[in-house]
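**Q** Pasting a structure below so you can have a look.
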Amino acid sequence: MPTQPLSIVMLGASGAVGGQVLQTLFGQQNVARISLLGRTPIPDLRAEGIVIEQHRIDIHHPDTYRELLPGHTVAICTLGVGQPSKVSREVFIEVDKTAVAAFAEACKAAGIRHFELLSSVGTDADSFNFYLRTKGELNAILESLQFDRLSIFQPSMILTPTNRYGFSQAVMLKVWPLLDPVLRGSWKKYRGIRVSELGRAMALNIFRENSGREYLSWAEFKAIAGSGK
């Protein structure tokens, strides 16, 4: 665990996973400051002993946040369009790839050593699937930046307590947990993960000793979420 209190910057904290990351971080003693970058402030955020700063930015224009990054030690990015099938390919690329890559590049230039990304299982820059290929291309960009530590979280189905996106998600939330018994061995990475566990894993992972590149999936989420305070 890091001996010095951490200063964390987050992009995408208003989403389901980002919100769970925040709630976990608020309960940690080794966090000094959390800076949240987004379009609108999140109301009623309080955490004893932690300085919370919120900054209104434009994710497509790094000049609106670049000067806010120096002094942070960790960056956590959970930014995404939410429902890729509901937006054009151009919009998906602009948000999930271009904006995230620009944020990562700015973080690297600002001296941030550890970068965490919420990605997806099955990402591959050579995939025939547009979604997985785009995510894989982003991963490759992040790898090329050579952070001291790069943590890429690759969940399959994220199980939220409520249906956020309509009928298709409602079906998935009911059916996906029933697949756990048949998703064994190397297939465990396709098991659904509760959003609370995923967010907790992303938060607690920054306190674990590691370096270089790490790709994390279901088994790692469960192990990390079950550890620590």
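To be explicit about the labels: the chains of the structure tokens are called A, B, and onward in the order shown, and within each one the residues are counted from 1, while ligands get numbers from 1 in the order they are shown.
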What lies within 6 Å of segment 177-192 of chain A using only C-alpha atoms, ignoring chain neighbours under 5 positions off, as a PyMOL selection string?
**A** chain A and resi 156-158+217-218
**Q** If you keep C-alpha atoms, can you produce a file of those selected residues as a short mmCIF file (atom, residue, chain, number, x, y, z; two decimals), in the first residue's frame?
**A**
data_model
loop_
_atom_site.label_atom_id
_atom_site.label_comp_id
_atom_site.auth_asym_id
_atom_site.auth_seq_id
_atom_site.Cartn_x
_atom_site.Cartn_y
_atom_site.Cartn_z
CA SER A 156 -18.35 -8.49 -19.16
CA MET A 157 -21.94 -7.71 -18.12
CA ILE A 158 -22.06 -5.02 -15.42
CA SER A 217 -11.21 -9.38 -15.27
CA TRP A 218 -13.87 -11.15 -13.17
#
**Q** Can you measure atom CA of Gly12 of chain A to atom CA of Ile76 of chain A for me? One decimal in Å is fine.
**A**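 Taking atom CA of Gly12 of chain A and atom CA of Ile76 of chain A, their separation equals 8.4 Å.
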**Q** Using only C-alpha atoms, determine which residues lie at most 8 Å from Ile152 of chain A, disregarding the query and same-chain residues fewer than 4 positions distant; provide the list as a ChimeraX atom specification.
**A** /A:116-119,139,213-216
**Q** Rank nothing, just name the residue among A:Arg113, A:Arg149, A:Arg33, A:Lys135 nearest to Val74 of chain A, using only C-alpha atoms.
**A**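 Counting only C-alpha atoms, the residue closest to Val74 of chain A is A:Arg113.
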**Q** For the atom pair atom CA of Ile42 of chain A and atom CA of Leu25 of chain A, what is the interatomic distance in Å to one decimal place?
**A**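 Between atom CA of Ile42 of chain A and atom CA of Leu25 of chain A the gap works out to 15.4 Å.
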**Q** Quick one, how far is atom CA of Ser14 of chain A from atom CA of Gly212 of chain A?
**A**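 Rounded to one decimal, the two atoms are 28.0 Å apart.
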**Q** Can you tell me, as a list in words, what residues are no more than 8 Å from segment 46-51 of chain A when counting only C-alpha atoms, ignoring any on the same chain fewer than 3 positions away?
**A**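 Residues near the query, excluding close chain neighbours: Phe26, Gly27, Gln29, Val31, Ala32, Arg33 and Ile34 of chain A.
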**Q** When DSSP works through the backbone of this structure, what residues of segment 51-92 of chain A end up as alpha helix (DSSP H), shown as a PDB file with N, CA, C and O atoms, in the first residue's frame?
**A**
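For reference, out-v5.pdb as written:
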ATOM      1  N   ARG A  89     -21.352   5.539 -34.766  1.00  0.00           N
ATOM      2  CA  ARG A  89     -19.976   5.087 -34.591  1.00  0.00           C
ATOM      3  C   ARG A  89     -19.048   6.279 -34.364  1.00  0.00           C
ATOM      4  O   ARG A  89     -18.097   6.182 -33.586  1.00  0.00           O
ATOM      5  N   GLU A  90     -19.340   7.365 -35.029  1.00  0.00           N
ATOM      6  CA  GLU A  90     -18.507   8.555 -34.886  1.00  0.00           C
ATOM      7  C   GLU A  90     -18.536   9.088 -33.461  1.00  0.00           C
ATOM      8  O   GLU A  90     -17.493   9.432 -32.894  1.00  0.00           O
ATOM      9  N   VAL A  91     -19.722   9.154 -32.875  1.00  0.00           N
ATOM     10  CA  VAL A  91     -19.850   9.642 -31.500  1.00  0.00           C
ATOM     11  C   VAL A  91     -19.170   8.681 -30.536  1.00  0.00           C
ATOM     12  O   VAL A  91     -18.475   9.105 -29.599  1.00  0.00           O
ATOM     13  N   PHE A  92     -19.353   7.385 -30.746  1.00  0.00           N
ATOM     14  CA  PHE A  92     -18.718   6.392 -29.883  1.00  0.00           C
ATOM     15  C   PHE A  92     -17.196   6.551 -29.901  1.00  0.00           C
ATOM     16  O   PHE A  92     -16.550   6.544 -28.852  1.00  0.00           O
TER      17      PHE A  92
END
**Q** From the list A:Ile193, A:Ile224, A:Leu36, A:Leu22, which residue is nearest Val121 of chain A when using only C-alpha atoms?
**A**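 Closest candidate: A:Ile193.
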**Q** From the DSSP assignment of the backbone, select every residue of segment 52-127 of chain A that is strand (DSSP E or B), and format the answer as a list of chain:residue names.
**A**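 Strand (DSSP E or B) assignments inside segment 52-127 of chain A correspond to A:Ile52, A:Glu53, A:Gln54, A:His55, A:Arg56, A:Val74, A:Ala75, A:Ile76, A:Cys77, A:His114, A:Phe115, A:Glu116, A:Leu117, A:Leu118.
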